[in-house]
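S.K.: Just one file: model-v3.txt, with compact mmCIF, C-alpha atoms.
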```txt
# COMPACT_ATOMS: atom_id res chain seq x y z
CA MET A 1047 0.00 0.00 0.00
CA SER A 1048 1.42 3.43 -1.01
CA ASP A 1049 1.99 6.29 1.40
CA VAL A 1050 -0.96 8.34 0.14
CA SER A 1051 -3.32 5.39 -0.21
CA GLN A 1052 -2.91 4.66 3.50
CA LEU A 1053 -4.42 8.06 4.21
CA PHE A 1054 -7.61 6.88 2.54
CA ALA A 1055 -7.56 3.33 3.86
CA THR A 1056 -10.13 2.01 6.27
CA ALA A 1057 -8.92 1.29 9.79
CA SER A 1058 -8.97 -2.45 9.17
CA GLU A 1059 -6.83 -2.09 6.02
CA ALA A 1060 -4.39 0.35 7.58
CA SER A 1061 -3.88 -1.16 11.00
CA GLY A 1062 -5.86 -4.34 11.26
CA GLN A 1063 -8.20 -2.73 13.76
CA GLY A 1064 -11.61 -1.15 13.38
CA GLY A 1065 -14.98 -2.34 12.12
CA ARG A 1066 -18.47 -1.09 11.49
CA THR A 1067 -20.33 0.15 14.56
CA SER A 1068 -23.84 1.58 14.65
CA ILE A 1069 -24.35 4.73 16.72
CA PRO A 1070 -28.11 5.30 17.01
CA GLY A 1071 -29.55 8.45 18.55
CA GLU A 1072 -26.30 10.17 19.45
CA GLU A 1073 -26.72 13.88 20.15
CA LYS A 1074 -23.07 14.73 19.56
CA VAL A 1075 -21.29 14.03 16.31
CA PHE A 1076 -17.80 12.55 16.24
CA GLY A 1077 -15.17 14.95 14.97
CA THR A 1078 -17.15 18.00 16.08
CA ARG A 1079 -15.89 20.53 18.58
CA TYR A 1080 -18.07 21.42 21.57
CA ASN A 1081 -16.89 24.13 23.93
CA GLY A 1082 -13.29 23.81 22.86
CA ARG A 1083 -13.18 20.01 23.06
CA TYR A 1084 -13.63 17.46 20.27
CA HIS A 1085 -16.12 14.63 20.61
CA MET A 1086 -14.02 11.66 19.51
CA PRO A 1087 -14.36 7.88 19.43
CA THR A 1088 -11.97 5.83 21.50
CA LEU A 1089 -8.84 4.27 20.11
CA PRO A 1090 -8.33 0.51 20.32
CA ASP A 1091 -7.75 -0.54 23.95
CA GLU A 1092 -8.75 2.94 25.18
CA LEU A 1093 -11.38 3.20 27.91
CA GLY A 1094 -14.52 5.08 26.90
CA THR A 1095 -17.20 6.79 28.94
CA LYS A 1096 -19.00 4.56 31.43
CA SER A 1097 -22.41 5.84 30.30
CA CYS A 1098 -21.95 4.65 26.72
CA PRO A 1099 -24.95 2.59 25.51
CA PRO A 1100 -24.07 -1.04 24.76
CA ASP A 1101 -24.83 -0.67 21.02
CA ALA A 1102 -22.93 2.62 20.55
CA ARG A 1103 -19.35 3.35 19.60
CA PRO A 1104 -17.48 4.31 22.81
CA TRP A 1105 -16.29 7.89 23.02
CA VAL A 1106 -13.58 9.67 24.96
CA PRO A 1107 -14.96 11.01 28.27
CA ARG A 1108 -15.20 14.83 28.37
CA GLY A 1109 -13.80 15.03 24.85
CA ILE A 1110 -10.31 16.03 23.73
CA MET A 1111 -8.89 19.54 23.93
CA SER A 1112 -8.75 21.25 20.55
CA VAL A 1113 -5.39 22.24 19.13
CA THR A 1114 -6.45 25.88 18.86
CA THR A 1115 -7.57 25.93 22.50
CA MET A 1116 -4.25 24.45 23.55
CA MET A 1117 -2.33 27.11 21.64
CA ASP A 1118 -4.66 30.03 22.47
CA GLY A 1119 -4.26 29.44 26.19
CA PHE A 1120 -0.50 29.55 25.78
CA GLU A 1121 -0.05 32.57 23.53
CA GLU A 1122 0.34 36.10 24.89
CA SER A 1123 -3.03 37.81 24.41
CA ARG A 1124 -2.73 41.17 26.14
CA GLY A 1125 -2.82 43.05 22.83
CA LEU A 1126 -6.08 41.34 21.87
CA SER A 1127 -7.59 42.10 25.28
CA ILE A 1128 -6.78 45.81 24.92
CA TRP A 1129 -8.28 45.88 21.42
CA GLU A 1130 -11.51 44.25 22.65
CA GLN A 1131 -11.82 46.80 25.45
CA GLU A 1132 -11.45 49.59 22.90
CA GLN A 1133 -14.10 48.07 20.64
CA PHE A 1134 -16.50 47.71 23.60
CA ALA A 1135 -16.12 51.41 24.42
CA PHE A 1136 -16.68 52.46 20.79
CA GLY A 1137 -19.73 50.19 20.55
CA LEU A 1138 -21.44 51.74 23.58
CA VAL A 1139 -21.12 55.16 21.96
CA ARG A 1140 -22.37 53.94 18.59
CA LEU A 1141 -25.36 52.13 20.12
CA PRO A 1142 -26.79 54.35 22.90
CA SER A 1143 -29.67 51.93 23.54
CA LEU A 1144 -27.12 49.31 24.60
CA TYR A 1145 -25.66 51.72 27.15
CA GLU A 1146 -29.20 52.31 28.45
CA GLU A 1147 -29.71 48.55 28.73
CA LEU A 1148 -26.46 48.22 30.69
CA CYS A 1149 -27.46 51.02 33.09
CA ILE A 1150 -30.82 49.36 33.81
CA ALA A 1151 -29.19 45.95 34.29
CA VAL A 1152 -26.59 47.34 36.71
CA HIS A 1153 -29.35 49.01 38.73
CA GLN A 1154 -31.30 45.74 38.93
CA TRP A 1155 -28.22 43.75 39.92
CA THR A 1156 -27.36 46.32 42.57
CA THR A 1157 -30.87 45.93 44.00
CA GLU A 1158 -30.33 42.15 44.05
CA GLY A 1159 -27.20 42.69 46.14
CA VAL A 1160 -24.68 41.66 43.49
CA ASP A 1161 -21.08 42.24 44.58
CA PHE A 1162 -19.43 43.43 41.36
CA ARG A 1163 -15.99 42.85 42.85
CA ASN A 1164 -16.77 39.12 42.99
CA ILE A 1165 -18.51 38.73 39.67
CA SER A 1166 -17.54 35.06 39.36
CA GLU A 1167 -20.07 34.28 42.10
CA TYR A 1168 -22.90 35.56 39.89
CA PRO A 1169 -22.85 33.51 36.67
CA HIS A 1170 -26.06 35.10 35.35
CA VAL A 1171 -24.44 38.54 35.51
CA ARG A 1172 -21.26 37.37 33.80
CA LYS A 1173 -23.28 35.66 31.08
CA ALA A 1174 -25.25 38.84 30.39
CA ILE A 1175 -22.14 41.03 30.32
CA THR A 1176 -19.64 38.89 28.39
CA GLY A 1177 -21.17 35.45 27.85
CA GLY A 1178 -18.42 33.84 29.91
CA ASN A 1179 -17.03 30.73 28.22
CA ASP A 1180 -20.21 30.21 26.20
CA LYS A 1181 -19.44 31.40 22.66
CA VAL A 1182 -23.11 31.61 21.68
CA ALA A 1183 -23.93 33.66 24.78
CA ALA A 1184 -20.88 35.84 24.10
CA GLU A 1185 -22.29 36.92 20.73
CA ILE A 1186 -25.55 38.20 22.26
CA SER A 1187 -24.02 39.56 25.46
CA ILE A 1188 -23.73 43.29 26.06
CA VAL A 1189 -20.01 43.25 25.26
CA GLY A 1190 -20.62 41.07 22.19
CA ARG A 1191 -23.26 43.40 20.77
CA ALA A 1192 -21.12 46.45 21.51
CA LYS A 1193 -18.22 44.94 19.58
CA GLN A 1194 -20.61 44.15 16.75
CA ALA A 1195 -21.81 47.75 16.71
CA ALA A 1196 -18.20 48.92 16.54
CA GLY A 1197 -17.60 46.70 13.50
CA ALA A 1198 -15.15 44.49 15.37
CA ASN A 1199 -16.56 41.29 13.90
CA GLU A 1200 -16.57 42.42 10.27
CA TYR A 1201 -13.15 41.06 9.34
CA ARG A 1202 -13.67 37.92 11.40
CA GLN A 1203 -16.82 37.13 9.44
CA ALA A 1204 -15.04 37.96 6.18
CA GLY A 1205 -12.37 35.43 7.16
CA THR A 1206 -15.00 32.81 7.98
CA ASN A 1207 -16.57 33.38 4.55
CA ARG A 1208 -13.26 32.76 2.81
CA HIS A 1209 -12.66 29.60 4.80
CA ALA A 1210 -16.10 28.34 3.78
CA ALA A 1211 -15.45 29.09 0.10
CA TRP A 1212 -12.02 27.38 0.22
CA GLU A 1213 -13.49 24.29 1.88
CA HIS A 1214 -16.38 24.13 -0.60
CA ARG A 1215 -13.93 24.38 -3.50
CA ALA A 1216 -12.06 21.32 -2.21
CA LYS A 1217 -15.22 19.27 -1.71
CA THR A 1218 -17.06 20.09 -4.93
CA GLY A 1219 -14.72 21.93 -7.28
CA GLU A 1220 -17.19 24.82 -7.35
CA LEU A 1221 -16.48 28.49 -6.78
CA ILE A 1222 -18.89 30.18 -4.38
CA GLY A 1223 -19.21 33.56 -2.70
CA THR A 1224 -18.90 37.05 -4.08
CA LYS A 1225 -16.83 37.85 -7.15
CA GLU A 1226 -14.10 39.09 -4.81
CA ILE A 1227 -14.02 35.83 -2.85
CA GLN A 1228 -14.03 33.74 -6.02
CA ALA A 1229 -11.17 35.80 -7.43
CA GLN A 1230 -9.18 35.35 -4.22
CA THR A 1231 -9.81 31.60 -4.26
CA LEU A 1232 -8.49 31.35 -7.81
CA SER A 1233 -5.52 33.52 -6.85
CA VAL A 1234 -4.57 31.12 -4.04
CA GLU A 1235 -4.80 28.18 -6.41
CA ALA A 1236 -2.62 30.00 -8.95
CA LEU A 1237 -0.14 30.82 -6.19
CA LEU A 1238 0.06 27.15 -5.23
CA ALA A 1239 0.59 26.10 -8.83
CA ALA A 1240 3.34 28.71 -9.28
CA ASN A 1241 5.12 27.15 -6.28
CA ASN A 1242 4.72 23.56 -7.52
CA LEU A 1243 2.01 22.78 -4.97
CA ARG A 1244 -1.48 21.31 -5.29
CA ARG A 1245 -4.21 20.17 -2.95
CA VAL A 1246 -4.60 16.43 -2.43
CA PRO A 1247 -8.21 15.40 -3.13
CA GLY A 1248 -9.97 14.08 -0.05
CA LEU A 1249 -7.40 15.51 2.34
CA SER A 1250 -9.03 18.82 3.21
CA GLU A 1251 -10.81 19.65 6.48
CA ARG A 1252 -9.93 16.35 8.11
CA VAL A 1253 -10.07 15.75 11.86
CA VAL A 1254 -6.90 14.42 13.45
CA ARG A 1255 -5.89 13.28 16.91
CA ASN A 1256 -2.48 13.84 18.46
CA VAL A 1257 -2.01 11.38 21.29
CA ALA A 1258 1.36 12.76 22.38
CA VAL A 1259 -0.07 16.15 23.42
CA ARG A 1260 -3.64 14.89 23.96
CA ALA A 1261 -5.24 17.24 21.44
CA ALA A 1262 -7.47 17.04 18.38
CA GLY A 1263 -8.06 19.41 15.52
CA ARG A 1264 -9.10 19.93 11.92
CA PHE A 1265 -6.41 20.80 9.40
CA ASP A 1266 -7.26 22.71 6.23
CA ASP A 1267 -5.18 20.86 3.67
CA ILE A 1268 -2.43 18.42 2.85
CA LEU A 1269 -0.54 19.71 -0.17
CA GLU A 1270 1.55 17.79 -2.63
CA GLU A 1271 4.79 19.37 -3.79
CA PHE A 1272 5.73 18.09 -7.24
CA ASP A 1273 8.58 18.23 -9.71
CA PRO A 1274 7.63 20.86 -12.33
CA VAL A 1275 9.33 18.87 -15.10
CA THR A 1276 8.15 15.33 -14.47
CA GLY A 1277 5.11 16.01 -12.28
CA ARG A 1278 6.43 13.44 -9.81
CA ARG A 1279 5.49 13.90 -6.17
CA LEU A 1280 8.36 15.17 -4.03
CA ARG A 1281 6.66 15.31 -0.65
CA LEU A 1282 3.41 15.96 1.24
CA LEU A 1283 3.02 19.09 3.38
CA ILE A 1284 0.54 20.08 6.08
CA ALA A 1285 -1.12 23.41 5.26
CA ASP A 1286 -3.45 25.85 6.96
CA LEU A 1287 -5.46 28.75 5.56
CA LYS A 1288 -5.14 32.03 7.47
CA THR A 1289 -7.20 35.15 6.78
CA LYS A 1290 -5.53 37.79 8.95
CA ARG A 1291 -5.34 41.21 7.33
CA LYS A 1292 -1.99 42.00 8.90
CA ALA A 1293 1.17 39.95 9.07
CA PHE A 1294 1.63 37.78 12.14
CA ARG A 1295 3.52 39.51 14.95
CA SER A 1296 4.49 36.09 16.27
CA TRP A 1297 4.66 32.73 14.53
CA MET A 1298 4.76 30.73 17.75
CA ALA A 1299 1.10 29.64 17.79
CA VAL A 1300 0.98 29.08 14.03
CA ASP A 1301 4.07 26.85 14.12
CA GLY A 1302 2.71 24.98 17.13
CA GLN A 1303 -0.71 24.47 15.55
CA LEU A 1304 0.61 23.08 12.25
CA ALA A 1305 3.23 20.96 14.00
CA THR A 1306 0.51 19.34 16.12
CA TYR A 1307 -1.54 18.56 13.01
CA ALA A 1308 1.49 17.19 11.17
CA ARG A 1309 2.50 14.96 14.08
CA SER A 1310 -1.00 13.59 14.70
CA GLU A 1311 -0.90 9.82 14.84
CA TRP A 1312 -4.56 9.30 13.91
CA MET A 1313 -7.16 10.73 11.55
CA LEU A 1314 -10.92 10.18 11.47
CA ASP A 1315 -12.29 8.45 8.40
CA THR A 1316 -15.96 9.30 7.97
CA HIS A 1317 -18.09 9.83 4.89
CA PRO A 1318 -21.51 11.53 4.49
CA ALA A 1319 -22.85 8.49 2.64
CA MET A 1320 -22.50 6.50 5.84
CA SER A 1321 -24.62 8.90 7.94
CA GLY A 1322 -27.19 7.28 10.17
CA VAL A 1323 -29.81 8.58 12.59
CA GLY A 1324 -29.43 12.30 13.28
CA GLY A 1325 -26.52 12.61 10.86
CA GLN A 1326 -24.20 10.54 13.07
CA PRO A 1327 -21.95 8.35 10.90
CA LEU A 1328 -22.75 4.67 11.15
CA ASP A 1329 -19.11 3.79 10.63
CA VAL A 1330 -16.43 5.91 12.29
CA LYS A 1331 -12.87 4.71 12.03
CA TYR A 1332 -9.37 5.92 12.75
CA VAL A 1333 -6.77 5.70 9.98
CA PRO A 1334 -3.06 6.48 10.22
CA GLY A 1335 -2.60 10.24 10.61
CA PRO A 1336 -0.36 12.79 8.89
CA VAL A 1337 2.71 11.96 11.00
CA HIS A 1338 3.18 8.83 8.90
CA HIS A 1339 3.15 10.72 5.61
CA VAL A 1340 3.93 14.46 5.69
CA ASP A 1341 7.15 16.43 6.01
CA LEU A 1342 7.81 17.07 9.71
CA THR A 1343 10.22 19.97 9.29
CA GLU A 1344 8.07 22.56 7.52
CA GLY A 1345 4.50 23.31 6.55
CA VAL A 1346 2.67 25.83 4.39
CA VAL A 1347 0.64 28.82 5.62
CA LEU A 1348 -1.83 30.00 2.97
CA GLN A 1349 -2.53 33.68 3.58
CA MET A 1350 -5.85 34.88 2.11
CA PRO A 1351 -6.32 38.34 3.75
CA SER A 1352 -9.92 39.03 4.75
CA ASP A 1353 -9.71 42.55 3.31
CA GLY A 1354 -9.27 41.18 -0.20
CA ALA A 1355 -5.53 41.85 -0.50
CA PRO A 1356 -3.47 39.51 -2.72
CA PRO A 1357 -2.74 36.12 -1.14
CA TYR A 1358 0.75 34.90 -0.30
CA LEU A 1359 2.51 31.87 1.17
CA ARG A 1360 4.56 31.60 4.31
CA ARG A 1361 6.64 28.81 5.87
CA ALA A 1362 5.73 27.13 9.15
CA ASP A 1363 8.64 25.84 11.23
CA LEU A 1364 7.38 22.45 12.38
CA ALA A 1365 10.53 21.45 14.25
CA ARG A 1366 10.37 24.47 16.57
CA GLY A 1367 6.57 24.32 16.50
CA TRP A 1368 6.56 20.81 17.94
CA GLU A 1369 8.64 22.02 20.89
CA VAL A 1370 6.12 24.82 21.36
CA ALA A 1371 3.17 22.42 21.22
CA GLN A 1372 4.64 20.15 23.88
CA LEU A 1373 5.36 23.14 26.08
CA ALA A 1374 1.80 24.41 25.58
CA ARG A 1375 0.43 21.06 26.68
CA ARG A 1376 2.61 21.11 29.78
CA VAL A 1377 1.44 24.64 30.66
CA HIS A 1378 -2.19 23.50 30.44
CA ASP A 1379 -1.44 20.50 32.63
CA GLU A 1380 0.29 22.67 35.22
CA ARG A 1381 -2.63 25.10 35.23
CA SER A 1382 -5.02 22.22 35.84
CA TYR A 1383 -2.86 20.87 38.63
CA GLY A 1384 -2.65 24.31 40.22
CA LYS A 1385 -6.44 24.36 40.55
CA SER A 1386 -6.80 20.72 41.57
CA ALA A 1387 -7.97 19.38 44.90
CA GLU A 1388 -4.63 17.62 45.20
CA ARG A 1389 -2.75 20.92 45.09
CA HIS A 1390 -5.20 22.71 47.38
CA ALA A 1391 -4.73 19.95 49.93
CA LEU A 1392 -1.03 20.89 50.10
CA ALA A 1393 -1.67 24.61 50.51
CA GLU A 1394 -1.88 24.73 54.33
CA TRP A 1395 1.40 25.77 55.92
CA VAL A 1396 2.85 23.28 58.41
CA PRO A 1397 5.96 24.22 60.47
CA LEU A 1398 8.97 22.05 59.83
CA ALA A 1399 9.14 20.88 63.46
CA ARG A 1400 5.59 19.59 63.30
CA ARG A 1401 6.28 17.82 60.03
CA ILE A 1402 9.32 16.11 61.56
CA THR A 1403 7.42 15.22 64.73
CA GLY A 1404 4.52 13.90 62.74
CA SER A 1405 6.87 11.87 60.61
CA ASN A 1406 8.63 10.45 63.67
CA LEU A 1407 5.33 9.63 65.33
CA SER A 1408 4.16 7.86 62.22
CA GLN A 1409 7.42 5.94 62.03
CA GLY A 1410 7.24 5.10 65.72
CA GLY A 1411 3.71 3.82 65.35
CA ALA A 1412 4.81 1.68 62.48
CA ASP A 1413 7.72 0.28 64.53
CA ARG A 1414 5.47 -0.54 67.46
CA GLY A 1415 3.05 -2.28 65.13
```
Using the file provided, produce a representation of the structure as structure tokens.
M.R.:
Amino acid sequence: MSDVSQLFATASEASGQGGRTSIPGEEKVFGTRYNGRYHMPTLPDELGTKSCPPDARPWVPRGIMSVTTMMDGFEESRGLSIWEQEQFAFGLVRLPSLYEELCIAVHQWTTEGVDFRNISEYPHVRKAITGGNDKVAAEISIVGRAKQAAGANEYRQAGTNRHAAWEHRAKTGELIGTKEIQAQTLSVEALLAANNLRRVPGLSERVVRNVAVRAAGRFDDILEEFDPVTGRRLRLLIADLKTKRKAFRSWMAVDGQLATYARSEWMLDTHPAMSGVGGQPLDVKYVPGPVHHVDLTEGVVLQMPSDGAPPYLRRADLARGWEVAQLARRVHDERSYGKSAERHALAEWVPLARRITGSNLSQGGADRG
């Protein structure tokens, strides 16, 4: 079996493991992200959730952290925070009725006895103001609507539109969107061709799982670099479409994200034709992931600026990015430990003399026993 054909192989062909499993009535869909975590089936010999119905495919309890969440929590974000505060202030001025709504809400919360210095103790207030960790609530929150009024989401939506058009192009070969978006899509394709690169059919928007850093994500493309004379394949490259208007100030998160995709050991193999009840695939399998096939030293960043500027290519450093990804995972683990019951149990200060005495007493009790 060739390198590329393994990427399309069923789990049983690729690794001797897998099989068809019916998943009736599932509310969540495998390979979909919910609140920053991917709902994923278990790997062979991996324990699934205890509440899994006997006729369903076992899934990973609590899901798997997304690659973007892992990197976002690691990257310096003070600049973004300042920008969001500015947009909130502009939005309140542009939408006076929202300021009126906020004034009324604050008065009502004050009457209820809300302590604004301890806002975390009042989840309903936090949800109304910012949406908290709920992305849907964040869009309709006071801050979310103020940012919308300030035009803060315009370029984000423009970027989402370009992603959708690029994905649709890979799936169907069709051009969709405005004339500007279609022209940009063709420009990216021409840019790839000029650099001896082309998209590999069937290897766009695929969900992968990286066991080493316990993360899952969806890469945009695997590209094939070819010899311009013979057309022979030289190598496969992981690629990601970015729609930022401005150049990246830091490549740390980009390198880490693409490195995690490239080094993913597993990839989901699902097809719409196999969809069962509620759109849940009847047959969900893992196949060998990109780490077995793509270049692990560099990847391709496809820049399609959301303001319509000409696209360009950039290089992702996957060697350094993999170091970053592992460090990001460790930071998340340390943050979790810092908030754990195990760590809180060690927080009480105990004088050294008492620790020694307690240790001696314990030892003495053991000796007498």
S.K.: Using all atoms listed in the file, find the one residue out of A:Thr1206, A:Ser1112, A:Ser1310, A:Thr1218 that sits nearest to A:Ser1250.
M.R.: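 Among A:Thr1206, A:Ser1112, A:Ser1310, A:Thr1218, it is A:Thr1218 that comes nearest to A:Ser1250.
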S.K.: Quick one: residues within 10 Å of A:Arg1208, only C-alpha atoms, excluding same-chain residues fewer than 2 positions away - as a list in words?
M.R.: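 Using only C-alpha atoms, the neighbours found are Gln1203, Ala1204, Gly1205, Thr1206, Ala1210, Ala1211, Trp1212, Glu1213, His1214, Ile1222, Gly1223, Thr1224, Glu1226, Ile1227, Gln1228, Gln1230, Thr1231, Leu1287, Lys1288, Thr1289, Met1350, Pro1351, Ser1352 and Gly1354 of chain A.
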S.K.: Using the file's own x, y and z axes, what box holds all listed atoms of stretch 1267-1270 of chain A with 5 Å on each side, keeping edges along x, y and z, and what are its centre and edge lengths in Å to one decimal, as AutoDock Vina command-line options?
M.R.:
```
--center_x -1.8 --center_y 19.3 --center_z 0.5 --size_x 16.7 --size_y 13.1 --size_z 16.3
```
S.K.: One number please: atom CA of A:Leu1269 to atom CA of A:Val1346, in Å, one decimal.
M.R.: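 Here the two named atoms are 8.3 Å from each other.
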S.K.: Leaving out stretch 1147-1156 of chain A and any residue of its chain fewer than 5 positions from it, which residues lie within 8 Å of it when counting all atoms listed in the file, given as a count of residues only?
M.R.: 3
S.K.: Give me the residues near A:Val1377 as a ChimeraX atom specification, where near means some atom within 12 Å (using all atoms listed in the file) and where sequence neighbours in that chain fewer than 2 positions away do not count.
M.R.: /A:1116-1121,1259,1370-1375,1379-1384
S.K.: Calculated over all atoms listed in the file, which of the candidates A:Gly1137, A:Gly1248, A:Gly1219, A:Gly1177 has the smallest distance to A:Asp1266?
M.R.: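 Of the candidates, the smallest distance to A:Asp1266 is held by A:Gly1248.
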S.K.: Please, what distance in Å, to one decimal, runs between atom CA of A:Thr1343 and atom CA of A:Arg1255?
M.R.: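 Separation between atom CA of A:Thr1343 and atom CA of A:Arg1255: 19.0 Å.
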S.K.: List the spatial neighbours of A:Gly1082 as an MDAnalysis selection string - criterion: any atom at most 7 Å away, only C-alpha atoms, same-chain residues fewer than 2 positions off excluded.
M.R.: chainID A and resid 1079:1080 1084 1111:1112 1115
S.K.: Go through A:Ala1387, A:Leu1314, A:Ala1240, A:Ala1285 one by one, measure the shortest atom-to-atom distance of each to A:Asn1256 using all atoms listed in the file, and give the residue with the smallest value.
M.R.: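 Of all the options, A:Leu1314 lies closest to A:Asn1256.
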S.K.: Just to confirm, what's the straight-line distance from atom CA of A:Glu1311 to atom CA of A:Gly1335 in Å (one decimal)?
M.R.: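 It comes out at 4.6 Å.
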